[in-house]
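> Quick one: this structure, given as structure tokens, is what I'll be asking you about.
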2 protein chains.
Amino acid sequence: MRDQGGGLRVTIRDVANAVGVSTATVSKVLNATGRVSEETRKAVLDAAKRLDFRPNAMARALQSSRSSSVGLLTDDTYGRFSLPLMAGVTEGLIAHGMSVFLCTIDGPPELGATHLDALLQKRVDGLIISGRRVDRLPDIDLSGVPVPIVYALSQGPEHGVTLAPDEKQGARLAVTHLIEIGRRRIAHVTGPERFRVVRERAASWRETLAAHGLASDMAVLNGDWSQRWGHTAVAELFDGRPEAEWPDAVFCGNDQIGHGLVDALRERGIAVPGQVAVIGFDNWHVLAEDSRPPLSSIDMNLPALGREVGLTLMRMIAGEHQAEGTTRLPCTLVRRASTIGPVG
Amino acid sequence: MRDQGGGLRVTIRDVANAVGVSTATVSKVLNATGRVSEETRKAVLDAAKRLDFRPNAMARALQSSRSSSVGLLTDDTYGRFSLPLMAGVTEGLIAHGMSVFLCTIDGPPELGATHLDALLQKRVDGLIISGRRVDRLPDIDLSGVPVPIVYALSQGPEHGVTLAPDEKQGARLAVTHLIEIGRRRIAHVTGPERFRVVRERAASWRETLAAHGLASDMAVLNGDWSQRWGHTAVAELFDGRPEAEWPDAVFCGNDQIGHGLVDALRERGIAVPGQVAVIGFDNWHVLAEDSRPPLSSIDMNLPALGREVGLTLMRMIAGEHQAEGTTRLPCTLVRRASTIGPVG
DNA sequence: ATGTAGTGGTTAAACGATTACTCATGAGAG
DNA sequence: CTCTCATGAGTAATCGTTTAACCACTACAT
């Protein structure tokens with residue numbers, strides 16, 4: 001809390017005076033524009049460092065109409081998806097001197113408008129909109145917003161630019177992996193059908209099975225995104241069914257379901273992965289790594305996605321045209337003990 | 001992506017021209033300062049709305065040396081603690097028109113300096129520093145930073161202003177609750193001893209027991225913050241010990257440990273809460289609610305803490321002096337099935 | 001008539017940087 | 001000895017607001 005009053009902050013004029021040149025010269029040196037003798041260049045650089053001069057970004061922004069900041073709006077206060085994404089965005093943008101305003105806007109609907117207004121007043125150069133549920137966007141009116149927008153995770157409007165994980169490829173990765181370790185009867189236990197990602201992953205599960213000649217007679221089991229559901233799903237899969245019809249692998253819609261499912265299998269004395277292999281989705285370490293056995297999973301690479309979101313937005317800010325529609329980024333497989341080896 | 005070029009943005013001059021007054025008058029109306037006739041006031045307000053005028057925050061900031069933005073630095077990309085905190089901070093500050101730059105700075109050590117530099121160039125009015133581990137602060141040099149700083153979650157330097165959950169009170173809440181439901185032999189299974197919070201909670205556990213005349217012969221069981229540890233801790237607590245010496249309750253250092261512990265108890269056929277009550281810490285819904293039975297826990301009220309952090313920083317920005325040292329905010333008890341009723 | 005006070009507004013100078021112009025100097029060409 | 005030109009630097013306008021200072025005018029008391 002030292003020298004709070006901003007009065008004594010060092011300006012470009014202080015540097016100029018220290019060297020005995022004009023502010024224009026200092027500016028030229030610092031931005032490497034115009035012609036300056038090597039001698040003064042050195043002197044200016046030296047003085048700037050000595051005085052710990054930091055150009056006032058507000059003045060610069062006012063002059064250039066570039067604030068070097070962007071806003072990220074999300075309705076996720078939970079953090080599972082937003083923060084890793086955010087970390088990637090930040091990392092991709094800081095190299096360009098950009099900082100990111102994060103606005104969490106769950107709460108009264110006017111809150112989104114308030115935040116948006118604050119951001120637009122601050123003249124952010126661009127906006128990132130990201131939803132919690134990998135499904136629905138935060139409910140804000142973005143019409144007439146005079147800066148470029150990138151939608152992340154959740155699907156943006158038709159003519160918007162959206163970046164999202166490749167759900168189908170992720171699901172394919174999971175199912176293919178299960179097939180490669182010798183599984184043939186692969187069930188799918190997942191979240192509520194109203195989620196777009198649920199439908200996408202289920203479709204991909206079915207297609208991948210078909211592509212390997214393993215047309216499944218099994219139905220998708222939809223429930224909620226909880227361990228509890230993973231647990232009860234085991235009953236639906238195994239109860240009152242001849243052992244020959246048991247699945248030898250389960251592809252779960254997320255790691256919570258996977259964790260609960262693995263637990264339930266263990267309690268029934270069904271060996272994982274010996275009798276049944278299990279794979280999850282999200283690669284949420286706290287659940288996947290600490291499951292018994294540790295749960296293989298599909299990682300959506302959110303930090304990488306975030307980086308790409310940031311860079312895409314940068315390009316749009318620079319005036320480059322970006323392809324409309326949804327760009328999908330690949331997921332990766334993380335192998336753990338729950339999918340090791342062939343059927344035992 | 002419409003009218004990208006900022007050239008056509010409406011300024012205070014446009015409003016002034018539309019009404020036929022000077023920019024000064026418009027400014028007075030909009031800021032409710034100075035004297036203006038009711039007639040022109042109406043006209044200006046009307047024109048401003050009609051033109052969708054948004055005062056340029058950069059110009060305003062330049063003029064007033066107040067950027068209406070603060071920076072939050074954290075090394076938590078994981079999100080468990082940071083995002084709820086952040087949500088609270090944002091909520092507390094948006095009412096004052098403040099926006100929050102979030103910088104995640106795990107990675108190369110110079111990254112922190114880069115972000116800090118970007119923030120200081122943008123003339124943030126204040127800074128919030130928050131660590132991931134509720135223990136260690138991100139490693140940045142903050143000496144000579146010319147804006148007020150609040151440390152959140154993790155302990156700041158001696159003469160800094162820190163806000164953190166009241167760990168001792170939280171632990172007391174947990175243990176008292178267990179005593180109130182009739183438990184007498186209350187064990188404590190927690191994280192690594194090098195964590196300050198681990199030591200604080202353990203001390204409080206012991207003190208609370210003593211205060212109720214239940215001096216414990218049991219040692220604190222230190223492990224890591226995992227379900228796995230909760231699971232193996234059960235062996236240490238119950239194996240090779242006469243049933244009379246078994247604990248009838250366990251206070252866990254976090255919900256992961258609690259979750260694993262409950263699992264292990266169930267596997268051993270020990271009833272929860274019938275024979276052993278279990279309570280966790282953090283109230284991490286994904287683990288606590290979905291444990292079987294659902295896990296009682298201590299909630300650190302991070303959004304509320306975040307709000308307070310934001311408001312404290314506001315006050316410091318306004319020049320009010322804040323008490324140095326650590327302010328502790330109370331935790332609350334969240335009762336779930338794992339601590340219901342007396343010993344069965 | 002003169003002074004006083006209040007009203008409703010305008011003017012112009014900041015704030016801190018960038019940048020298109022201008023200018024002085026000295027070197028080399030004719 | 002004058003003209004041209006390259007070099008290195010300074011001048012001043014600008015970005016969009018805020019705000020202290022000022023001004024014209026009316027009303028009213030002295």
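Every chain in the structure tokens has a letter given in the order shown (A, B, ...), and although residue numbers restart at 1 in each chain, ligands are simply numbered from 1 in the order shown.
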Please extract the residues of range 243-299 of chain B with a backbone DSSP assignment of strand (DSSP E) and present them as number ranges by chain.
B: 249-252, 277-279, 297-299
> Which polymer residues have any atom within 7 Å of an atom of range 11-16 of chain D, counting only C-alpha atoms (C1' of nucleotides), with same-chain residues fewer than 4 positions away left out, as a PyMOL selection string?
(chain A and resi 62-63) or (chain B and resi 11+56+59)
> Give me, as a short mmCIF file (atom, residue, chain, number, x, y, z; two decimals) with C-alpha atoms (C1' of nucleotides), in the first residue's frame, all polymer residues having an atom no more than 12 Å from range 16-27 of chain C, counting only C-alpha atoms (C1' of nucleotides) and skipping those fewer than 3 positions away in the same chain.

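Wrote it out as part12.cif, contents follow:
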data_model
loop_
_atom_site.label_atom_id
_atom_site.label_comp_id
_atom_site.auth_asym_id
_atom_site.auth_seq_id
_atom_site.Cartn_x
_atom_site.Cartn_y
_atom_site.Cartn_z
CA ARG A 9 3.80 7.80 -11.28
CA VAL A 10 6.56 8.24 -13.81
CA THR A 11 5.42 9.34 -17.25
CA ILE A 12 7.08 9.55 -20.60
CA ARG A 13 7.77 13.20 -19.85
CA ASP A 14 9.83 12.29 -16.81
CA THR A 23 8.64 12.96 -25.42
CA ALA A 24 8.39 12.19 -29.10
CA THR A 25 11.94 10.92 -29.12
CA VAL A 26 11.33 8.73 -26.11
CA SER A 27 8.23 7.32 -27.73
CA LYS A 28 10.17 6.55 -30.89
CA LEU A 30 10.42 2.72 -26.94
CA ASN A 31 8.40 1.68 -29.95
CA THR A 33 9.84 3.63 -34.85
CA GLY A 34 11.32 6.68 -36.54
CA ARG A 54 5.77 1.77 -17.49
CA PRO A 55 3.84 3.28 -20.39
CA ASN A 56 0.30 4.13 -19.35
CA ALA A 57 -1.84 1.64 -21.19
CA MET A 58 -4.90 3.85 -20.86
CA ALA A 59 -3.28 6.72 -22.68
CA ARG A 60 -1.97 4.37 -25.29
CA ALA A 61 -5.36 2.75 -25.65
CA LEU A 62 -7.11 6.07 -25.96
CA GLN A 63 -4.74 7.04 -28.72
CA SER A 64 -4.86 3.76 -30.59
CA SER A 65 -8.40 2.58 -29.80
CA MET B 58 -10.07 4.61 -21.24
CA ALA B 59 -10.50 8.32 -21.62
CA ALA B 61 -9.46 6.47 -16.70
CA LEU B 62 -6.75 8.58 -18.25
CA GLN B 63 -8.39 11.68 -16.87
CA SER B 64 -9.09 10.33 -13.41
CA SER B 65 -6.20 7.87 -12.98
CA GLN B 121 0.66 -0.95 -17.38
"C1'" DT D 4 20.17 19.42 -52.28
"C1'" DC D 5 19.51 15.91 -49.20
"C1'" DA D 6 19.92 12.83 -45.31
"C1'" DT D 7 19.88 12.78 -40.38
"C1'" DG D 8 18.24 13.42 -35.83
"C1'" DA D 9 15.34 15.74 -33.23
"C1'" DG D 10 11.39 18.83 -31.76
"C1'" DT D 11 6.31 20.85 -32.25
"C1'" DA D 12 1.86 20.34 -31.80
"C1'" DA D 13 -2.43 17.98 -32.74
"C1'" DT D 14 -4.99 14.13 -31.35
"C1'" DC D 15 -7.60 10.32 -28.77
#
> Between CA of Pro148 in chain A and CA of Gly126 in chain A, what is the distance, to one decimal in Å?
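Computing it gives 5.0 Å between the two atoms.
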> Give me the chain C side of the contact with chain B, cut-off 10 Å, one line per residue showing its nearest atom pair and distance in Å at one decimal, counting only C-alpha atoms (C1' of nucleotides), sorted by chain and residue number, as a tab-separated table.

residue	atom	partner	partner_atom	distance
C:DT7	C1'	B:Arg35	CA	7.9
C:DG8	C1'	B:Val36	CA	5.9
C:DG9	C1'	B:Thr25	CA	7.4
C:DT10	C1'	B:Ser22	CA	6.8
C:DT11	C1'	B:Ala24	CA	9.4
C:DA14	C1'	B:Gln63	CA	7.8
C:DC15	C1'	B:Gln63	CA	4.4
C:DG16	C1'	B:Leu62	CA	7.4
> Quick one: residues within 10 Å of range 179-181 of chain A, only C-alpha atoms (C1' of nucleotides) counted, chain neighbours fewer than 3 positions away excluded, as a ChimeraX atom specification?
/A:173-176,184-186,208-209,212,214,249,277,339-343
> Keeping C-alpha atoms for every residue in the selection just given, could you write it to a file as a short mmCIF file (atom, residue, chain, number, x, y, z; two decimals), in the first residue's frame?

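The resulting result_23.cif:
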data_model
loop_
_atom_site.label_atom_id
_atom_site.label_comp_id
_atom_site.auth_asym_id
_atom_site.auth_seq_id
_atom_site.Cartn_x
_atom_site.Cartn_y
_atom_site.Cartn_z
CA LEU A 173 -11.12 -42.72 -29.36
CA ALA A 174 -12.67 -44.27 -26.27
CA VAL A 175 -14.58 -46.97 -28.08
CA THR A 176 -11.72 -47.80 -30.42
CA ARG A 184 -16.69 -56.71 -27.93
CA ARG A 185 -19.76 -55.87 -25.88
CA ILE A 186 -19.34 -52.22 -25.10
CA THR A 208 -17.69 -46.79 -34.11
CA LEU A 209 -19.14 -50.11 -33.01
CA HIS A 212 -15.98 -52.58 -36.43
CA LEU A 214 -20.00 -54.84 -33.56
CA ALA A 249 -16.62 -52.80 -21.29
CA ALA A 277 -13.11 -52.42 -18.73
CA THR A 339 -8.64 -50.45 -19.42
CA ILE A 340 -5.48 -52.46 -19.29
CA GLY A 341 -5.10 -55.76 -21.06
CA PRO A 342 -7.54 -58.17 -22.72
CA VAL A 343 -10.51 -59.84 -21.09
#
> Identify, with DSSP run on backbone atoms, the residues in range 146-335 of chain B assigned to helix (DSSP H, G or I), and express the list as a short mmCIF file (atom, residue, chain, number, x, y, z; two decimals) with C-alpha atoms, in the first residue's frame.

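The resulting file, out_10.cif, is shown below:
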data_model
loop_
_atom_site.label_atom_id
_atom_site.label_comp_id
_atom_site.auth_asym_id
_atom_site.auth_seq_id
_atom_site.Cartn_x
_atom_site.Cartn_y
_atom_site.Cartn_z
CA GLU B 167 -9.85 -22.87 9.75
CA LYS B 168 -9.92 -23.29 13.48
CA GLN B 169 -13.54 -22.30 13.75
CA GLY B 170 -14.35 -24.64 10.87
CA ALA B 171 -12.64 -27.53 12.54
CA ARG B 172 -14.32 -26.69 15.82
CA LEU B 173 -17.66 -26.69 14.05
CA ALA B 174 -17.00 -30.16 12.70
CA VAL B 175 -15.84 -31.66 15.97
CA THR B 176 -18.55 -29.99 18.02
CA HIS B 177 -21.13 -31.33 15.63
CA LEU B 178 -19.79 -34.84 16.06
CA ILE B 179 -19.84 -34.47 19.82
CA GLU B 180 -23.38 -33.14 19.73
CA ARG B 196 -0.53 -24.65 7.54
CA VAL B 197 -4.23 -25.46 7.38
CA VAL B 198 -3.53 -29.04 8.35
CA ARG B 199 -1.76 -27.94 11.49
CA GLU B 200 -4.44 -25.39 12.32
CA ARG B 201 -7.30 -27.79 11.90
CA ALA B 202 -5.53 -30.51 13.85
CA ALA B 203 -4.82 -28.13 16.72
CA SER B 204 -8.44 -27.06 16.76
CA TRP B 205 -9.58 -30.69 16.71
CA ARG B 206 -7.49 -31.41 19.75
CA GLU B 207 -8.54 -28.27 21.60
CA THR B 208 -12.20 -28.87 20.98
CA LEU B 209 -11.95 -32.41 22.27
CA ALA B 210 -10.15 -31.21 25.35
CA ALA B 211 -12.72 -28.50 25.92
CA GLN B 227 -9.46 -40.64 -1.68
CA ARG B 228 -6.81 -43.30 -1.67
CA TRP B 229 -5.40 -42.01 1.56
CA GLY B 230 -8.86 -41.91 3.11
CA HIS B 231 -9.19 -45.52 2.12
CA THR B 232 -5.93 -46.71 3.57
CA ALA B 233 -6.38 -44.61 6.70
CA VAL B 234 -9.27 -46.88 7.62
CA ALA B 235 -6.85 -49.75 7.90
CA GLU B 236 -4.66 -47.74 10.24
CA LEU B 237 -7.63 -46.81 12.36
CA PHE B 238 -9.33 -50.15 12.69
CA GLU B 243 -13.49 -52.88 18.74
CA ALA B 244 -13.78 -50.96 21.99
CA GLU B 245 -10.96 -48.73 20.79
CA ASP B 255 -13.83 -34.30 1.13
CA GLN B 256 -11.61 -36.48 -0.98
CA ILE B 257 -10.26 -38.15 2.10
CA GLY B 258 -13.77 -38.32 3.50
CA HIS B 259 -15.11 -39.91 0.36
CA GLY B 260 -12.42 -42.56 0.31
CA LEU B 261 -12.87 -43.22 3.97
CA VAL B 262 -16.60 -43.71 3.70
CA ASP B 263 -16.03 -46.10 0.82
CA ALA B 264 -13.58 -48.14 2.83
CA LEU B 265 -15.89 -48.30 5.82
CA ARG B 266 -18.73 -49.52 3.67
CA GLU B 267 -16.51 -52.20 2.21
CA ARG B 268 -15.68 -53.38 5.70
CA HIS B 285 -20.31 -30.98 -3.96
CA VAL B 286 -19.08 -33.38 -6.56
CA LEU B 287 -17.52 -35.50 -3.84
CA ALA B 288 -19.61 -34.79 -0.78
CA LEU B 302 -15.55 -18.92 -0.72
CA PRO B 303 -17.98 -16.74 -2.67
CA ALA B 304 -18.72 -14.78 0.49
CA LEU B 305 -15.00 -14.57 1.19
CA GLY B 306 -14.45 -13.35 -2.36
CA ARG B 307 -17.08 -10.67 -1.93
CA GLU B 308 -15.39 -9.47 1.21
CA VAL B 309 -12.03 -9.49 -0.52
CA GLY B 310 -13.45 -7.34 -3.28
CA LEU B 311 -15.05 -4.87 -0.90
CA THR B 312 -11.93 -4.67 1.24
CA LEU B 313 -9.87 -3.89 -1.81
CA MET B 314 -12.39 -1.22 -2.82
CA ARG B 315 -12.00 0.42 0.53
CA MET B 316 -8.24 0.37 0.25
CA ILE B 317 -8.47 1.88 -3.21
#
> Tell me which protein, DNA and RNA residues are within 7 Å of range 103-110 of chain A, counting only C-alpha atoms (C1' of nucleotides), leaving out same-chain ones fewer than 4 positions away, and put them as an NGL selection string.
(:A and (72-77 or 114-115)) or (:B and (87 or 90))
> Next, the residues of the selection above should be written as a PDB file, in the first residue's frame with C-alpha atoms.

ATOM      1  CA  LEU A  72     -14.478 -13.792 -21.041  1.00  0.00           C
ATOM      2  CA  LEU A  73     -18.068 -14.316 -20.017  1.00  0.00           C
ATOM      3  CA  THR A  74     -19.068 -17.590 -18.440  1.00  0.00           C
ATOM      4  CA  ASP A  75     -21.880 -18.802 -16.262  1.00  0.00           C
ATOM      5  CA  ASP A  76     -19.665 -21.431 -14.694  1.00  0.00           C
ATOM      6  CA  THR A  77     -18.844 -20.666 -11.091  1.00  0.00           C
ATOM      7  CA  THR A 114     -24.241  -5.240 -16.490  1.00  0.00           C
ATOM      8  CA  HIS A 115     -20.969  -7.057 -17.039  1.00  0.00           C
TER       9      HIS A 115
ATOM     10  CA  ALA B  87     -17.111 -15.331  -8.581  1.00  0.00           C
ATOM     11  CA  THR B  90     -16.576 -10.190  -9.277  1.00  0.00           C
TER      12      THR B  90
END
> Which of these, A:Asp166, A:Glu91, A:Asp299, A:Asp224, has the shortest distance to chain B once you count only C-alpha atoms?
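Closest to chain B of all the choices is A:Glu91.
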> For CA of Lys122 in chain A and CA of Ile140 in chain A, determine how far apart the two atoms are, in Å to one decimal place.
17.9 Å
> How far is it from CA of Met300 in chain B to CA of Thr332 in chain B, in Å with one decimal?
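According to the coordinates, CA of Met300 in chain B and CA of Thr332 in chain B are separated by 6.7 Å.
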